[in-house]
Each structure stands twice: as structure tokens, then as C-alpha cells.
>>> print(open('target_30.csv').read())   # CSV, C-alpha atoms
chain,number,residue,atom,x,y,z
A,1,GLN,CA,0.0,0.0,0.0
A,2,VAL,CA,0.9,3.6,-0.5
A,3,GLN,CA,-0.2,6.5,1.7
A,4,LEU,CA,-0.2,10.2,0.9
A,5,VAL,CA,-0.3,13.2,3.2
A,6,GLU,CA,-0.8,16.7,1.8
A,7,SER,CA,0.0,19.9,3.7
A,8,GLY,CA,0.5,23.6,3.1
A,9,GLY,CA,-3.0,24.7,2.2
A,10,GLY,CA,-4.5,27.8,3.8
A,11,LEU,CA,-6.1,31.2,3.3
A,12,VAL,CA,-4.2,33.7,1.2
A,13,GLN,CA,-5.0,37.0,-0.4
A,14,SER,CA,-5.3,37.3,-4.2
A,15,GLY,CA,-1.8,37.7,-5.7
A,16,GLY,CA,-0.2,35.7,-2.9
A,17,SER,CA,1.7,32.5,-2.9
A,18,LEU,CA,1.4,29.1,-1.3
A,19,ARG,CA,3.5,25.9,-1.4
A,20,LEU,CA,1.8,22.6,-1.1
A,21,SER,CA,3.6,19.5,0.0
A,22,CYS,CA,2.7,15.8,-0.4
A,23,GLU,CA,4.6,13.0,1.2
A,24,ALA,CA,4.3,9.4,0.0
A,25,SER,CA,5.0,6.5,2.3
A,26,GLY,CA,4.7,2.7,2.1
A,27,ASN,CA,5.5,0.5,-0.9
A,28,ILE,CA,7.0,3.2,-3.1
A,29,ARG,CA,8.3,2.1,-6.5
A,30,SER,CA,11.0,4.0,-8.2
A,31,ASN,CA,9.1,4.4,-11.5
A,32,ASN,CA,6.2,6.4,-10.3
A,33,ASP,CA,4.2,9.4,-11.3
A,34,MET,CA,2.9,11.9,-8.8
A,35,GLY,CA,0.8,14.9,-9.3
A,36,TRP,CA,-1.7,17.5,-8.1
A,37,TYR,CA,-5.4,17.8,-8.9
A,38,ARG,CA,-8.0,20.2,-7.6
A,39,GLN,CA,-11.7,20.3,-7.1
A,40,ALA,CA,-13.6,23.5,-6.5
A,41,PRO,CA,-17.2,23.4,-5.1
A,42,GLU,CA,-19.7,22.1,-7.5
A,43,LYS,CA,-17.0,21.5,-10.2
A,44,GLN,CA,-15.3,18.4,-11.4
A,45,ARG,CA,-11.9,17.5,-10.3
A,46,GLU,CA,-9.3,18.8,-12.7
A,47,TRP,CA,-5.6,18.0,-13.3
A,48,VAL,CA,-3.1,20.6,-12.2
A,49,ALA,CA,0.4,19.2,-12.8
A,50,SER,CA,2.3,15.9,-12.6
A,51,ILE,CA,5.9,14.8,-12.5
A,52,LYS,CA,7.6,11.5,-12.9
A,53,SER,CA,10.9,10.4,-11.3
A,54,GLY,CA,13.8,12.0,-13.2
A,55,ASP,CA,11.5,14.0,-15.4
A,56,ILE,CA,10.3,17.5,-15.8
A,57,GLY,CA,6.9,18.7,-14.7
A,58,ARG,CA,3.8,18.6,-16.9
A,59,TYR,CA,1.2,21.3,-16.5
A,60,SER,CA,-2.4,22.1,-17.3
A,61,ASP,CA,-2.2,24.8,-20.0
A,62,SER,CA,-4.4,27.1,-18.0
A,63,LEU,CA,-2.0,27.1,-15.0
A,64,LYS,CA,1.4,26.9,-16.6
A,65,GLY,CA,3.5,29.9,-15.6
A,66,ARG,CA,1.9,30.4,-12.2
A,67,PHE,CA,2.3,26.9,-10.7
A,68,THR,CA,5.5,24.9,-10.5
A,69,ILE,CA,5.7,21.3,-9.5
A,70,SER,CA,8.9,19.7,-8.1
A,71,ARG,CA,9.9,16.5,-6.3
A,72,ASP,CA,12.4,15.2,-3.9
A,73,ASN,CA,12.9,11.5,-4.6
A,74,ALA,CA,15.0,10.9,-1.5
A,75,LYS,CA,12.1,12.1,0.6
A,76,ASN,CA,9.3,10.7,-1.6
A,77,MET,CA,7.8,14.1,-1.7
A,78,ILE,CA,6.3,16.4,-4.3
A,79,TYR,CA,5.6,20.1,-4.0
A,80,LEU,CA,3.4,22.6,-5.8
A,81,GLN,CA,4.6,26.2,-5.7
A,82,MET,CA,1.7,28.5,-6.5
A,83,THR,CA,2.1,32.1,-7.2
A,84,ASN,CA,-0.1,35.0,-8.2
A,85,LEU,CA,-3.0,33.1,-6.8
A,86,LYS,CA,-6.5,34.1,-7.8
A,87,PRO,CA,-9.9,33.6,-6.2
A,88,GLU,CA,-10.7,31.0,-8.9
A,89,ASP,CA,-7.8,28.9,-7.6
A,90,THR,CA,-9.9,28.2,-4.5
A,91,ALA,CA,-10.3,24.5,-4.3
A,92,LEU,CA,-9.4,21.3,-2.4
A,93,TYR,CA,-6.0,20.2,-3.8
A,94,TYR,CA,-5.3,16.5,-4.0
A,95,CYS,CA,-2.1,14.7,-4.4
A,96,ARG,CA,-2.0,11.5,-6.5
A,97,TYR,CA,0.5,8.7,-6.7
A,98,SER,CA,0.5,6.1,-9.5
A,99,ASP,CA,2.7,3.2,-10.6
A,100,ASP,CA,2.2,-0.1,-12.2
A,101,TRP,CA,0.5,-1.4,-9.1
A,102,TYR,CA,-1.1,1.5,-7.2
A,103,ASN,CA,-3.3,4.5,-7.9
A,104,VAL,CA,-3.6,6.4,-4.7
A,105,TRP,CA,-5.2,9.7,-3.7
A,106,GLY,CA,-4.5,11.8,-0.7
A,107,GLN,CA,-7.2,13.4,1.5
A,108,GLY,CA,-6.6,16.9,0.1
A,109,THR,CA,-5.6,20.2,1.5
A,110,GLN,CA,-7.8,23.3,1.2
A,111,VAL,CA,-6.6,26.4,-0.6
A,112,THR,CA,-8.8,29.5,-0.3
A,113,VAL,CA,-7.9,32.7,-2.1
A,114,SER,CA,-9.7,35.8,-1.0
A,115,SER,CA,-10.3,38.8,-3.3
>>> encode(input="target_30.csv", output="C-alpha cells")
Amino acid sequence: QVQLVESGGGLVQSGGSLRLSCEASGNIRSNNDMGWYRQAPEKQREWVASIKSGDIGRYSDSLKGRFTISRDNAKNMIYLQMTNLKPEDTALYYCRYSDDWYNVWGQGTQVTVSS
């Protein structure tokens, strides 16, 4: 099994920044793909960004430029640096881990951007 724990969410003013973290633990495989998704109230969950081991980040076109995903393989962690946040970025942000065996979601961390 793989477990995920997200952190770093909170309340921030429009134009501000936040850094989300996600730590994976358990039966971690070296060839994995981890990423961030978000779900705003009454909207479908949408993909934000992903990053594989030893690879560069991939981004939703609408968010590229403001969000940066990174990972620390030694710590089994990924991060999402969010800048110039907007009220429409308000959502529950989920971490996701996938490999050949597992597809796991975290519990989510709330990001609220006030205008």
C-alpha cells in the first residue's frame, strides 16, 4: 500500500503564494508518477500538474506559468509552488500517486484565495 499526506494549504489573499507538499510512504516504487489535482465546489476534479521520477513537470495549460511542481525523490515528496493566486484557484487540492500497481489519492488540502 501507498499512503499520501498533503500539507501547506490555507487562506491567502489574491496575488499571494502558497507551497503545497505531499509525502508518500509505504510501498513506493522508483518508477512512479505523482501529481496534483484540484476540485472547486460544484465542479469536477481537474488535473493541475504531474511529475515522474527524473523527469520535468507537466502542467495544465491554464495554470502553466503560475504553478511549479517539483519533487524530492529521496524524501518521496512532491511540491506545488503556487504564485499570483486568484480567487478562482480556491479548491481542495489533492495529491495523486500512481505506478504499475497502485493509484492512490490523498485526503486533500484546502486552498482558499480571498479577493
>>> atom_distance(input="target_30.csv", atom1="CA of Ser25 in chain A", atom2="CA of Val104 in chain A")
11.1 Å
>>> closest_residue(input="target_30.csv", among="A:Val5, A:Leu20, A:Leu11, A:Val48", to="Val113 in chain A", atoms="only C-alpha atoms")
A:Leu11
>>> closest_residue(input="target_30.csv", among="A:Gly9, A:Gly35, A:Gly26, A:Gly15", to="Tyr97 in chain A", atoms="all atoms listed in the file")
A:Gly35
>>> atom_distance(input="target_30.csv", atom1="CA of Asp61 in chain A", atom2="CA of Gln39 in chain A")
16.6 Å
>>> atom_distance(input="target_30.csv", atom1="CA of Met34 in chain A", atom2="CA of Asp100 in chain A")
12.5 Å
>>> closest_residue(input="target_30.csv", among="A:Thr90, A:Ser53, A:Asn27, A:Gln1", to="Met77 in chain A", atoms="only C-alpha atoms")
A:Ser53
>>> closest_residue(input="target_30.csv", among="A:Gln110, A:Asn84, A:Asn32, A:Gln13", to="Phe67 in chain A", atoms="only C-alpha atoms")
A:Asn84
>>> closest_residue(input="target_30.csv", among="A:Asp33, A:Glu42, A:Met82, A:Lys75", to="Gly57 in chain A", atoms="only C-alpha atoms")
A:Asp33
>>> closest_residue(input="target_30.csv", among="A:Ser98, A:Leu18, A:Glu23, A:Lys86", to="Ile51 in chain A", atoms="all atoms listed in the file")
A:Ser98
>>> residues_around(input="target_30.csv", residues="Gln44 in chain A", least_positions_apart="4", cutoff="12 Å", atoms="all atoms listed in the file", output="list of chain:residue names")
A:Tyr37, A:Arg38, A:Gln39, A:Ala40, A:Ala91, A:Leu92
>>> decode(input="target_30.csv", residues="range 86-101 of chain A", atoms="all heavy atoms", output="PDB file, in the first residue's frame")
ATOM      1  N   LYS A  86      -5.294  33.412  -7.504  1.00  0.00           N
ATOM      2  CA  LYS A  86      -6.532  34.121  -7.830  1.00  0.00           C
ATOM      3  C   LYS A  86      -7.688  33.458  -7.097  1.00  0.00           C
ATOM      4  O   LYS A  86      -7.611  32.268  -6.754  1.00  0.00           O
ATOM      5  CB  LYS A  86      -6.771  34.054  -9.338  1.00  0.00           C
ATOM      6  CG  LYS A  86      -5.613  34.580 -10.164  1.00  0.00           C
ATOM      7  CD  LYS A  86      -5.850  34.362 -11.642  1.00  0.00           C
ATOM      8  CE  LYS A  86      -4.669  34.857 -12.472  1.00  0.00           C
ATOM      9  NZ  LYS A  86      -4.875  34.661 -13.927  1.00  0.00           N
ATOM     10  N   PRO A  87      -8.774  34.189  -6.883  1.00  0.00           N
ATOM     11  CA  PRO A  87      -9.931  33.575  -6.200  1.00  0.00           C
ATOM     12  C   PRO A  87     -10.406  32.295  -6.886  1.00  0.00           C
ATOM     13  O   PRO A  87     -10.854  31.363  -6.203  1.00  0.00           O
ATOM     14  CB  PRO A  87     -10.984  34.680  -6.272  1.00  0.00           C
ATOM     15  CG  PRO A  87     -10.194  35.939  -6.257  1.00  0.00           C
ATOM     16  CD  PRO A  87      -8.966  35.635  -7.080  1.00  0.00           C
ATOM     17  N   GLU A  88     -10.277  32.208  -8.186  1.00  0.00           N
ATOM     18  CA  GLU A  88     -10.708  31.001  -8.894  1.00  0.00           C
ATOM     19  C   GLU A  88      -9.786  29.802  -8.660  1.00  0.00           C
ATOM     20  O   GLU A  88     -10.093  28.690  -9.105  1.00  0.00           O
ATOM     21  CB  GLU A  88     -10.853  31.274 -10.402  1.00  0.00           C
ATOM     22  CG  GLU A  88      -9.645  31.901 -11.048  1.00  0.00           C
ATOM     23  CD  GLU A  88      -9.764  33.416 -11.150  1.00  0.00           C
ATOM     24  OE1 GLU A  88     -10.256  34.062 -10.189  1.00  0.00           O
ATOM     25  OE2 GLU A  88      -9.348  33.959 -12.197  1.00  0.00           O
ATOM     26  N   ASP A  89      -8.666  30.021  -7.984  1.00  0.00           N
ATOM     27  CA  ASP A  89      -7.801  28.911  -7.591  1.00  0.00           C
ATOM     28  C   ASP A  89      -8.290  28.238  -6.307  1.00  0.00           C
ATOM     29  O   ASP A  89      -7.736  27.213  -5.893  1.00  0.00           O
ATOM     30  CB  ASP A  89      -6.359  29.396  -7.385  1.00  0.00           C
ATOM     31  CG  ASP A  89      -5.719  29.874  -8.666  1.00  0.00           C
ATOM     32  OD1 ASP A  89      -5.907  29.221  -9.708  1.00  0.00           O
ATOM     33  OD2 ASP A  89      -5.019  30.917  -8.623  1.00  0.00           O
ATOM     34  N   THR A  90      -9.297  28.815  -5.684  1.00  0.00           N
ATOM     35  CA  THR A  90      -9.854  28.232  -4.471  1.00  0.00           C
ATOM     36  C   THR A  90     -10.394  26.841  -4.762  1.00  0.00           C
ATOM     37  O   THR A  90     -11.230  26.661  -5.656  1.00  0.00           O
ATOM     38  CB  THR A  90     -10.966  29.116  -3.906  1.00  0.00           C
ATOM     39  OG1 THR A  90     -10.406  30.367  -3.492  1.00  0.00           O
ATOM     40  CG2 THR A  90     -11.659  28.449  -2.730  1.00  0.00           C
ATOM     41  N   ALA A  91      -9.893  25.864  -4.020  1.00  0.00           N
ATOM     42  CA  ALA A  91     -10.287  24.478  -4.256  1.00  0.00           C
ATOM     43  C   ALA A  91      -9.639  23.588  -3.202  1.00  0.00           C
ATOM     44  O   ALA A  91      -8.753  24.018  -2.447  1.00  0.00           O
ATOM     45  CB  ALA A  91      -9.847  24.015  -5.640  1.00  0.00           C
ATOM     46  N   LEU A  92     -10.087  22.351  -3.195  1.00  0.00           N
ATOM     47  CA  LEU A  92      -9.416  21.305  -2.419  1.00  0.00           C
ATOM     48  C   LEU A  92      -8.376  20.681  -3.348  1.00  0.00           C
ATOM     49  O   LEU A  92      -8.735  20.208  -4.433  1.00  0.00           O
ATOM     50  CB  LEU A  92     -10.425  20.280  -1.943  1.00  0.00           C
ATOM     51  CG  LEU A  92      -9.971  19.254  -0.923  1.00  0.00           C
ATOM     52  CD1 LEU A  92      -9.472  19.928   0.359  1.00  0.00           C
ATOM     53  CD2 LEU A  92     -11.107  18.306  -0.582  1.00  0.00           C
ATOM     54  N   TYR A  93      -7.130  20.717  -2.931  1.00  0.00           N
ATOM     55  CA  TYR A  93      -6.034  20.229  -3.761  1.00  0.00           C
ATOM     56  C   TYR A  93      -5.630  18.826  -3.296  1.00  0.00           C
ATOM     57  O   TYR A  93      -5.318  18.623  -2.124  1.00  0.00           O
ATOM     58  CB  TYR A  93      -4.846  21.181  -3.681  1.00  0.00           C
ATOM     59  CG  TYR A  93      -5.043  22.425  -4.509  1.00  0.00           C
ATOM     60  CD1 TYR A  93      -5.953  23.399  -4.117  1.00  0.00           C
ATOM     61  CD2 TYR A  93      -4.340  22.630  -5.693  1.00  0.00           C
ATOM     62  CE1 TYR A  93      -6.171  24.536  -4.880  1.00  0.00           C
ATOM     63  CE2 TYR A  93      -4.535  23.764  -6.464  1.00  0.00           C
ATOM     64  CZ  TYR A  93      -5.456  24.707  -6.049  1.00  0.00           C
ATOM     65  OH  TYR A  93      -5.660  25.836  -6.809  1.00  0.00           O
ATOM     66  N   TYR A  94      -5.629  17.912  -4.241  1.00  0.00           N
ATOM     67  CA  TYR A  94      -5.331  16.518  -3.959  1.00  0.00           C
ATOM     68  C   TYR A  94      -3.998  16.114  -4.579  1.00  0.00           C
ATOM     69  O   TYR A  94      -3.671  16.493  -5.699  1.00  0.00           O
ATOM     70  CB  TYR A  94      -6.400  15.602  -4.549  1.00  0.00           C
ATOM     71  CG  TYR A  94      -7.760  15.751  -3.959  1.00  0.00           C
ATOM     72  CD1 TYR A  94      -8.692  16.616  -4.513  1.00  0.00           C
ATOM     73  CD2 TYR A  94      -8.149  14.993  -2.849  1.00  0.00           C
ATOM     74  CE1 TYR A  94      -9.966  16.748  -3.982  1.00  0.00           C
ATOM     75  CE2 TYR A  94      -9.428  15.114  -2.321  1.00  0.00           C
ATOM     76  CZ  TYR A  94     -10.327  15.984  -2.886  1.00  0.00           C
ATOM     77  OH  TYR A  94     -11.571  16.106  -2.352  1.00  0.00           O
ATOM     78  N   CYS A  95      -3.292  15.285  -3.854  1.00  0.00           N
ATOM     79  CA  CYS A  95      -2.084  14.660  -4.362  1.00  0.00           C
ATOM     80  C   CYS A  95      -2.452  13.273  -4.883  1.00  0.00           C
ATOM     81  O   CYS A  95      -3.323  12.595  -4.300  1.00  0.00           O
ATOM     82  CB  CYS A  95      -1.063  14.556  -3.223  1.00  0.00           C
ATOM     83  SG  CYS A  95       0.486  13.737  -3.642  1.00  0.00           S
ATOM     84  N   ARG A  96      -1.787  12.853  -5.933  1.00  0.00           N
ATOM     85  CA  ARG A  96      -2.038  11.541  -6.503  1.00  0.00           C
ATOM     86  C   ARG A  96      -0.714  10.839  -6.776  1.00  0.00           C
ATOM     87  O   ARG A  96       0.243  11.464  -7.247  1.00  0.00           O
ATOM     88  CB  ARG A  96      -2.827  11.646  -7.805  1.00  0.00           C
ATOM     89  CG  ARG A  96      -3.127  10.301  -8.460  1.00  0.00           C
ATOM     90  CD  ARG A  96      -3.757  10.507  -9.817  1.00  0.00           C
ATOM     91  NE  ARG A  96      -4.059   9.236 -10.462  1.00  0.00           N
ATOM     92  CZ  ARG A  96      -4.456   9.124 -11.722  1.00  0.00           C
ATOM     93  NH1 ARG A  96      -4.596  10.198 -12.471  1.00  0.00           N
ATOM     94  NH2 ARG A  96      -4.705   7.940 -12.238  1.00  0.00           N
ATOM     95  N   TYR A  97      -0.693   9.550  -6.480  1.00  0.00           N
ATOM     96  CA  TYR A  97       0.477   8.703  -6.747  1.00  0.00           C
ATOM     97  C   TYR A  97       0.030   7.554  -7.635  1.00  0.00           C
ATOM     98  O   TYR A  97      -1.020   6.939  -7.381  1.00  0.00           O
ATOM     99  CB  TYR A  97       1.035   8.150  -5.434  1.00  0.00           C
ATOM    100  CG  TYR A  97       2.070   7.063  -5.613  1.00  0.00           C
ATOM    101  CD1 TYR A  97       3.424   7.353  -5.556  1.00  0.00           C
ATOM    102  CD2 TYR A  97       1.690   5.739  -5.825  1.00  0.00           C
ATOM    103  CE1 TYR A  97       4.373   6.361  -5.712  1.00  0.00           C
ATOM    104  CE2 TYR A  97       2.625   4.740  -5.989  1.00  0.00           C
ATOM    105  CZ  TYR A  97       3.962   5.050  -5.930  1.00  0.00           C
ATOM    106  OH  TYR A  97       4.898   4.062  -6.098  1.00  0.00           O
ATOM    107  N   SER A  98       0.817   7.241  -8.666  1.00  0.00           N
ATOM    108  CA  SER A  98       0.485   6.076  -9.491  1.00  0.00           C
ATOM    109  C   SER A  98       1.754   5.381  -9.951  1.00  0.00           C
ATOM    110  O   SER A  98       2.780   6.019 -10.216  1.00  0.00           O
ATOM    111  CB  SER A  98      -0.378   6.483 -10.690  1.00  0.00           C
ATOM    112  OG  SER A  98       0.327   7.360 -11.531  1.00  0.00           O
ATOM    113  N   ASP A  99       1.674   4.063 -10.004  1.00  0.00           N
ATOM    114  CA  ASP A  99       2.728   3.245 -10.608  1.00  0.00           C
ATOM    115  C   ASP A  99       2.040   2.050 -11.231  1.00  0.00           C
ATOM    116  O   ASP A  99       0.819   2.038 -11.416  1.00  0.00           O
ATOM    117  CB  ASP A  99       3.807   2.888  -9.580  1.00  0.00           C
ATOM    118  CG  ASP A  99       3.301   2.044  -8.428  1.00  0.00           C
ATOM    119  OD1 ASP A  99       2.299   1.308  -8.602  1.00  0.00           O
ATOM    120  OD2 ASP A  99       3.894   2.110  -7.339  1.00  0.00           O
ATOM    121  N   ASP A 100       2.788   1.018 -11.548  1.00  0.00           N
ATOM    122  CA  ASP A 100       2.190  -0.144 -12.213  1.00  0.00           C
ATOM    123  C   ASP A 100       1.210  -0.892 -11.303  1.00  0.00           C
ATOM    124  O   ASP A 100       0.403  -1.687 -11.796  1.00  0.00           O
ATOM    125  CB  ASP A 100       3.292  -1.092 -12.677  1.00  0.00           C
ATOM    126  CG  ASP A 100       4.100  -0.518 -13.822  1.00  0.00           C
ATOM    127  OD1 ASP A 100       3.605   0.425 -14.476  1.00  0.00           O
ATOM    128  OD2 ASP A 100       5.227  -0.988 -14.065  1.00  0.00           O
ATOM    129  N   TRP A 101       1.313  -0.661 -10.016  1.00  0.00           N
ATOM    130  CA  TRP A 101       0.482  -1.410  -9.072  1.00  0.00           C
ATOM    131  C   TRP A 101      -0.588  -0.554  -8.389  1.00  0.00           C
ATOM    132  O   TRP A 101      -1.678  -1.047  -8.111  1.00  0.00           O
ATOM    133  CB  TRP A 101       1.365  -2.042  -7.998  1.00  0.00           C
ATOM    134  CG  TRP A 101       2.187  -3.170  -8.505  1.00  0.00           C
ATOM    135  CD1 TRP A 101       3.447  -3.099  -8.994  1.00  0.00           C
ATOM    136  CD2 TRP A 101       1.794  -4.540  -8.580  1.00  0.00           C
ATOM    137  NE1 TRP A 101       3.870  -4.341  -9.389  1.00  0.00           N
ATOM    138  CE2 TRP A 101       2.895  -5.251  -9.140  1.00  0.00           C
ATOM    139  CE3 TRP A 101       0.631  -5.239  -8.237  1.00  0.00           C
ATOM    140  CZ2 TRP A 101       2.855  -6.615  -9.359  1.00  0.00           C
ATOM    141  CZ3 TRP A 101       0.606  -6.608  -8.449  1.00  0.00           C
ATOM    142  CH2 TRP A 101       1.708  -7.270  -9.013  1.00  0.00           C
TER     143      TRP A 101
END
